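J.: Quick one, start.cif (mmCIF, C-alpha atoms):
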data_coords
#
loop_
_atom_site.label_atom_id
_atom_site.label_comp_id
_atom_site.auth_asym_id
_atom_site.auth_seq_id
_atom_site.Cartn_x
_atom_site.Cartn_y
_atom_site.Cartn_z
CA MET A 1 18.85 33.87 -9.42
CA LYS A 2 15.24 34.14 -8.24
CA LYS A 3 14.00 33.23 -11.72
CA ILE A 4 16.08 30.07 -11.75
CA LEU A 5 14.77 29.01 -8.33
CA VAL A 6 11.17 29.71 -9.35
CA LEU A 7 11.59 27.76 -12.59
CA ALA A 8 13.22 24.85 -10.74
CA ALA A 9 10.39 24.76 -8.20
CA PHE A 10 7.80 24.90 -10.98
CA ALA A 11 9.53 22.06 -12.88
CA PHE A 12 9.66 19.97 -9.70
CA PHE A 13 5.94 20.55 -9.17
CA LEU A 14 5.12 19.50 -12.75
CA ILE A 15 7.17 16.32 -12.46
CA ASN A 16 5.45 15.35 -9.20
CA ALA A 17 2.01 16.28 -10.55
CA ASN A 18 2.46 13.67 -13.29
CA ALA A 19 3.20 10.88 -10.80
CA GLU A 20 0.46 8.29 -10.77
CA LYS A 21 -0.58 7.18 -7.31
CA LYS A 22 -2.10 3.75 -7.08
CA THR A 23 -3.59 2.02 -4.05
CA VAL A 24 -3.63 -1.75 -3.58
CA ASN A 25 -4.94 -3.78 -0.66
CA PHE A 26 -2.97 -6.86 0.38
CA THR A 27 -3.77 -9.77 2.64
CA VAL A 28 -0.73 -11.11 4.48
CA GLU A 29 0.41 -14.42 5.94
CA PRO A 30 0.99 -14.70 8.82
CA ALA A 31 -2.04 -12.59 9.62
CA LEU A 32 -1.73 -9.27 11.42
CA VAL A 33 -3.03 -9.87 14.92
CA CYS A 34 -1.99 -6.86 16.98
CA HIS A 35 -0.70 -3.30 17.00
CA ASN A 36 2.91 -4.54 16.97
CA CYS A 37 2.30 -6.45 13.73
CA GLU A 38 0.75 -3.35 12.19
CA ALA A 39 3.68 -1.20 13.32
CA LYS A 40 6.26 -3.66 11.94
CA VAL A 41 4.63 -3.60 8.50
CA LYS A 42 4.11 0.16 8.45
CA ASP A 43 7.57 1.05 9.77
CA ASN A 44 9.40 -1.20 7.30
CA LEU A 45 7.32 -1.03 4.13
CA ARG A 46 7.30 2.77 4.03
CA PHE A 47 10.99 2.69 3.09
CA GLU A 48 10.37 0.75 -0.12
CA LYS A 49 10.96 2.83 -3.24
CA GLY A 50 7.83 4.64 -4.44
CA VAL A 51 5.69 3.93 -1.37
CA LYS A 52 3.62 6.95 -0.36
CA ALA A 53 1.44 5.52 2.43
CA VAL A 54 0.96 2.26 4.34
CA LYS A 55 -2.22 1.59 6.34
CA PRO A 56 -2.23 -1.84 7.99
CA SER A 57 -5.40 -3.05 9.70
CA ALA A 58 -5.38 -6.16 11.87
CA GLU A 59 -9.15 -5.77 12.30
CA LYS A 60 -9.82 -5.90 8.54
CA GLY A 61 -6.96 -8.28 7.80
CA ILE A 62 -5.51 -6.08 5.08
CA VAL A 63 -2.65 -3.69 4.40
CA GLU A 64 -3.51 -0.74 2.15
CA VAL A 65 -0.46 0.52 0.24
CA THR A 66 -0.45 3.71 -1.83
CA PHE A 67 2.50 4.01 -4.19
CA ASP A 68 3.86 5.79 -7.26
CA ASP A 69 3.37 3.28 -10.07
CA LYS A 70 6.20 4.87 -12.06
CA LYS A 71 8.68 3.91 -9.33
CA THR A 72 7.42 0.51 -8.18
CA ASP A 73 4.81 -2.16 -8.79
CA VAL A 74 2.91 -4.88 -6.94
CA SER A 75 5.65 -7.51 -7.34
CA HIS A 76 8.26 -5.20 -5.80
CA LEU A 77 5.91 -4.44 -2.93
CA GLN A 78 5.40 -8.17 -2.37
CA GLU A 79 9.19 -8.54 -2.19
CA GLY A 80 9.22 -5.77 0.44
CA PHE A 81 6.72 -7.77 2.49
CA ARG A 82 8.91 -10.89 2.15
CA LYS A 83 11.90 -8.98 3.56
CA ILE A 84 10.03 -8.56 6.84
CA GLY A 85 8.59 -12.08 6.98
CA TYR A 86 5.17 -11.77 5.33
CA GLU A 87 3.69 -13.25 2.16
CA ALA A 88 1.41 -10.64 0.60
CA THR A 89 -1.38 -11.28 -1.87
CA PRO A 90 -3.25 -8.46 -3.61
CA VAL A 91 -6.96 -8.47 -2.78
CA GLU A 92 -9.23 -8.81 -5.77
CA GLU A 93 -11.53 -5.88 -6.37
CA GLY A 94 -15.06 -6.49 -5.24
CA PRO A 95 -17.79 -5.20 -2.96
CA GLU A 96 -16.49 -7.00 0.14
CA VAL A 97 -13.86 -9.58 0.96
CA CYS A 98 -15.10 -12.41 3.16
CA HIS A 99 -12.49 -14.07 5.34
CA GLU A 100 -14.90 -16.04 7.53
CA PRO A 101 -17.90 -17.16 5.47
CA THR A 102 -19.68 -18.65 8.47
CA THR A 103 -19.84 -15.32 10.34
CA ALA A 104 -19.46 -12.59 7.72
CA PRO A 105 -22.87 -11.10 6.83
CA CYS A 106 -21.89 -10.59 3.19
CA CYS A 107 -21.38 -14.34 2.74
CA ASN A 108 -24.48 -15.46 4.62
CA SER A 109 -26.96 -13.46 2.58
CA LYS A 110 -28.96 -15.50 0.08
CA LYS A 111 -28.63 -14.47 -3.51
#
Mind converting the file's structure to structure tokens?
T.:
Amino acid sequence: MKKILVLAAFAFFLINANAEKKTVNFTVEPALVCHNCEAKVKDNLRFEKGVKAVKPSAEKGIVEVTFDDKKTDVSHLQEGFRKIGYEATPVEEGPEVCHEPTTAPCCNSKK
């Protein structure tokens, strides 16, 4: 009996070790403006299939979602955002995202 339990635990570990975690940052409309907005997103999105972590930031204007890409994808996550009243757009990879070009230092520097 012990051997079966040990083998089952080992198999479970191997299956989970092969899961690919992926992290995507989203901007949302309407914008997150307070702690309650952050809590609404975090408390609801974490129940979407494959979601491992949700880190909303009203200060940065993004929601960082870590998920198992074998169980879900970006389009399903966007549908999860729609369920709670937000339109989510993945943030393009880059050094910095500028939301306010007139005040953000990354946009005001001369190239």
J.: By how many Å are atom CA of A:Lys22 and atom CA of A:Asn36 apart?
T.: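 Going from atom CA of A:Lys22 over to atom CA of A:Asn36, I get 25.9 Å.
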J.: What residues come out when you apply the PyMOL selection byres ((chain A and resi 28) around 10) to this file, written as a list in words?
T.: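 For this structure, the PyMOL selection byres ((chain A and resi 28) around 10) captures Asn25, Phe26, Thr27, Glu29, Pro30, Ala31, Leu32, Gly61, Ile62, Val63, Gln78, Phe81, Arg82, Gly85, Tyr86, Glu87, Ala88, Thr89, Pro90 and Val91 of chain A.
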J.: Written as number ranges by chain, which residues does the PyMOL selection byres ((chain A and resi 69) around 7) give for the file shown?
T.: A: 20-22, 67-68, 70-73
J.: How far is it from atom CA of A:Thr23 to atom CA of A:Val65, in Å with one decimal?
T.: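 Here the two named atoms are 5.5 Å from each other.
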J.: Find, counting only C-alpha atoms, the residue in A:Cys37, A:Val74, A:Leu45, A:Met1 that gets nearest to A:Val24.
T.: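 Among A:Cys37, A:Val74, A:Leu45, A:Met1, it is A:Val74 that comes nearest to A:Val24.
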J.: What does the distance from atom CA of A:Glu59 to atom CA of A:Arg46 come to in Å, to one decimal?
T.: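 Those two atoms sit 20.3 Å apart.
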J.: Take every atom of stretch 61-80 of chain A listed in the file, fit an axis-aligned box around them, add 4 Å per side, and give the centre and edge lengths in Å to one decimal as JSON.
T.:
{"center_x": 1.1, "center_y": -1.4, "center_z": -2.1, "size_x": 24.2, "size_y": 22.3, "size_z": 27.9}
J.: Could you name the residues that touch A:Ser57 at 9 Å or less, counting all atoms listed in the file, but leaving out those on the same chain fewer than 6 positions away, as an MDAnalysis selection string?
T.: chainID A and resid 32:35 38 63:64
J.: Determine the nearest neighbour of A:Lys40 from the options A:Thr66, A:Val54, A:Lys60, A:His76, counting all atoms listed in the file.
T.: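 Smallest distance to A:Lys40 is found for A:Val54.
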J.: Output stretch 57-89 of chain A as a PDB file, in the frame of the given file, making sure N, CA and C atoms are there.
T.:
ATOM      1  N   SER A  57      -4.252  -2.905   8.820  1.00  0.00           N
ATOM      2  CA  SER A  57      -5.400  -3.050   9.700  1.00  0.00           C
ATOM      3  C   SER A  57      -5.546  -4.515  10.103  1.00  0.00           C
ATOM      4  N   ALA A  58      -5.217  -4.803  11.355  1.00  0.00           N
ATOM      5  CA  ALA A  58      -5.380  -6.160  11.870  1.00  0.00           C
ATOM      6  C   ALA A  58      -6.865  -6.518  11.918  1.00  0.00           C
ATOM      7  N   GLU A  59      -7.708  -5.547  12.210  1.00  0.00           N
ATOM      8  CA  GLU A  59      -9.150  -5.770  12.300  1.00  0.00           C
ATOM      9  C   GLU A  59      -9.726  -6.223  10.953  1.00  0.00           C
ATOM     10  N   LYS A  60      -9.324  -5.558   9.870  1.00  0.00           N
ATOM     11  CA  LYS A  60      -9.820  -5.900   8.540  1.00  0.00           C
ATOM     12  C   LYS A  60      -9.015  -7.018   7.880  1.00  0.00           C
ATOM     13  N   GLY A  61      -7.814  -7.251   8.379  1.00  0.00           N
ATOM     14  CA  GLY A  61      -6.960  -8.280   7.800  1.00  0.00           C
ATOM     15  C   GLY A  61      -6.306  -7.875   6.503  1.00  0.00           C
ATOM     16  N   ILE A  62      -6.127  -6.564   6.307  1.00  0.00           N
ATOM     17  CA  ILE A  62      -5.510  -6.080   5.080  1.00  0.00           C
ATOM     18  C   ILE A  62      -4.449  -5.022   5.372  1.00  0.00           C
ATOM     19  N   VAL A  63      -3.613  -4.792   4.366  1.00  0.00           N
ATOM     20  CA  VAL A  63      -2.650  -3.690   4.400  1.00  0.00           C
ATOM     21  C   VAL A  63      -2.900  -2.887   3.132  1.00  0.00           C
ATOM     22  N   GLU A  64      -3.267  -1.626   3.282  1.00  0.00           N
ATOM     23  CA  GLU A  64      -3.510  -0.740   2.150  1.00  0.00           C
ATOM     24  C   GLU A  64      -2.215   0.010   1.855  1.00  0.00           C
ATOM     25  N   VAL A  65      -1.719  -0.129   0.624  1.00  0.00           N
ATOM     26  CA  VAL A  65      -0.460   0.520   0.240  1.00  0.00           C
ATOM     27  C   VAL A  65      -0.737   1.463  -0.933  1.00  0.00           C
ATOM     28  N   THR A  66      -0.366   2.726  -0.759  1.00  0.00           N
ATOM     29  CA  THR A  66      -0.450   3.710  -1.830  1.00  0.00           C
ATOM     30  C   THR A  66       0.967   3.963  -2.322  1.00  0.00           C
ATOM     31  N   PHE A  67       1.154   3.899  -3.645  1.00  0.00           N
ATOM     32  CA  PHE A  67       2.500   4.010  -4.190  1.00  0.00           C
ATOM     33  C   PHE A  67       2.484   4.713  -5.541  1.00  0.00           C
ATOM     34  N   ASP A  68       3.655   5.168  -5.949  1.00  0.00           N
ATOM     35  CA  ASP A  68       3.860   5.790  -7.260  1.00  0.00           C
ATOM     36  C   ASP A  68       4.136   4.655  -8.233  1.00  0.00           C
ATOM     37  N   ASP A  69       3.211   4.424  -9.170  1.00  0.00           N
ATOM     38  CA  ASP A  69       3.370   3.280 -10.070  1.00  0.00           C
ATOM     39  C   ASP A  69       4.439   3.491 -11.142  1.00  0.00           C
ATOM     40  N   LYS A  70       5.057   4.664 -11.150  1.00  0.00           N
ATOM     41  CA  LYS A  70       6.200   4.870 -12.060  1.00  0.00           C
ATOM     42  C   LYS A  70       7.506   4.455 -11.388  1.00  0.00           C
ATOM     43  N   LYS A  71       7.468   4.265 -10.059  1.00  0.00           N
ATOM     44  CA  LYS A  71       8.680   3.910  -9.330  1.00  0.00           C
ATOM     45  C   LYS A  71       8.676   2.473  -8.834  1.00  0.00           C
ATOM     46  N   THR A  72       7.500   1.883  -8.688  1.00  0.00           N
ATOM     47  CA  THR A  72       7.420   0.510  -8.180  1.00  0.00           C
ATOM     48  C   THR A  72       6.163  -0.151  -8.704  1.00  0.00           C
ATOM     49  N   ASP A  73       6.007  -1.428  -8.397  1.00  0.00           N
ATOM     50  CA  ASP A  73       4.810  -2.160  -8.790  1.00  0.00           C
ATOM     51  C   ASP A  73       4.470  -3.194  -7.715  1.00  0.00           C
ATOM     52  N   VAL A  74       3.404  -3.932  -7.942  1.00  0.00           N
ATOM     53  CA  VAL A  74       2.910  -4.880  -6.940  1.00  0.00           C
ATOM     54  C   VAL A  74       3.951  -5.943  -6.611  1.00  0.00           C
ATOM     55  N   SER A  75       4.658  -6.460  -7.614  1.00  0.00           N
ATOM     56  CA  SER A  75       5.650  -7.510  -7.340  1.00  0.00           C
ATOM     57  C   SER A  75       6.791  -7.011  -6.468  1.00  0.00           C
ATOM     58  N   HIS A  76       7.209  -5.757  -6.661  1.00  0.00           N
ATOM     59  CA  HIS A  76       8.260  -5.200  -5.800  1.00  0.00           C
ATOM     60  C   HIS A  76       7.744  -4.975  -4.379  1.00  0.00           C
ATOM     61  N   LEU A  77       6.488  -4.600  -4.259  1.00  0.00           N
ATOM     62  CA  LEU A  77       5.910  -4.440  -2.930  1.00  0.00           C
ATOM     63  C   LEU A  77       5.818  -5.791  -2.219  1.00  0.00           C
ATOM     64  N   GLN A  78       5.453  -6.835  -2.963  1.00  0.00           N
ATOM     65  CA  GLN A  78       5.400  -8.170  -2.370  1.00  0.00           C
ATOM     66  C   GLN A  78       6.786  -8.600  -1.887  1.00  0.00           C
ATOM     67  N   GLU A  79       7.820  -8.240  -2.613  1.00  0.00           N
ATOM     68  CA  GLU A  79       9.190  -8.540  -2.190  1.00  0.00           C
ATOM     69  C   GLU A  79       9.521  -7.773  -0.901  1.00  0.00           C
ATOM     70  N   GLY A  80       9.036  -6.543  -0.794  1.00  0.00           N
ATOM     71  CA  GLY A  80       9.220  -5.770   0.440  1.00  0.00           C
ATOM     72  C   GLY A  80       8.560  -6.443   1.623  1.00  0.00           C
ATOM     73  N   PHE A  81       7.380  -7.008   1.425  1.00  0.00           N
ATOM     74  CA  PHE A  81       6.720  -7.770   2.490  1.00  0.00           C
ATOM     75  C   PHE A  81       7.549  -8.990   2.875  1.00  0.00           C
ATOM     76  N   ARG A  82       8.107  -9.690   1.878  1.00  0.00           N
ATOM     77  CA  ARG A  82       8.910 -10.890   2.150  1.00  0.00           C
ATOM     78  C   ARG A  82      10.129 -10.564   3.009  1.00  0.00           C
ATOM     79  N   LYS A  83      10.721  -9.388   2.787  1.00  0.00           N
ATOM     80  CA  LYS A  83      11.900  -8.980   3.560  1.00  0.00           C
ATOM     81  C   LYS A  83      11.618  -8.941   5.056  1.00  0.00           C
ATOM     82  N   ILE A  84      10.375  -8.668   5.418  1.00  0.00           N
ATOM     83  CA  ILE A  84      10.030  -8.560   6.840  1.00  0.00           C
ATOM     84  C   ILE A  84       9.223  -9.768   7.333  1.00  0.00           C
ATOM     85  N   GLY A  85       9.178 -10.823   6.518  1.00  0.00           N
ATOM     86  CA  GLY A  85       8.590 -12.080   6.980  1.00  0.00           C
ATOM     87  C   GLY A  85       7.129 -12.316   6.662  1.00  0.00           C
ATOM     88  N   TYR A  86       6.572 -11.603   5.695  1.00  0.00           N
ATOM     89  CA  TYR A  86       5.170 -11.770   5.330  1.00  0.00           C
ATOM     90  C   TYR A  86       5.033 -12.126   3.849  1.00  0.00           C
ATOM     91  N   GLU A  87       4.070 -12.972   3.541  1.00  0.00           N
ATOM     92  CA  GLU A  87       3.690 -13.250   2.160  1.00  0.00           C
ATOM     93  C   GLU A  87       2.447 -12.414   1.889  1.00  0.00           C
ATOM     94  N   ALA A  88       2.523 -11.540   0.903  1.00  0.00           N
ATOM     95  CA  ALA A  88       1.410 -10.640   0.600  1.00  0.00           C
ATOM     96  C   ALA A  88       0.741 -11.031  -0.699  1.00  0.00           C
ATOM     97  N   THR A  89      -0.583 -10.980  -0.687  1.00  0.00           N
ATOM     98  CA  THR A  89      -1.380 -11.280  -1.870  1.00  0.00           C
ATOM     99  C   THR A  89      -2.327 -10.111  -2.111  1.00  0.00           C
TER     100      THR A  89
END
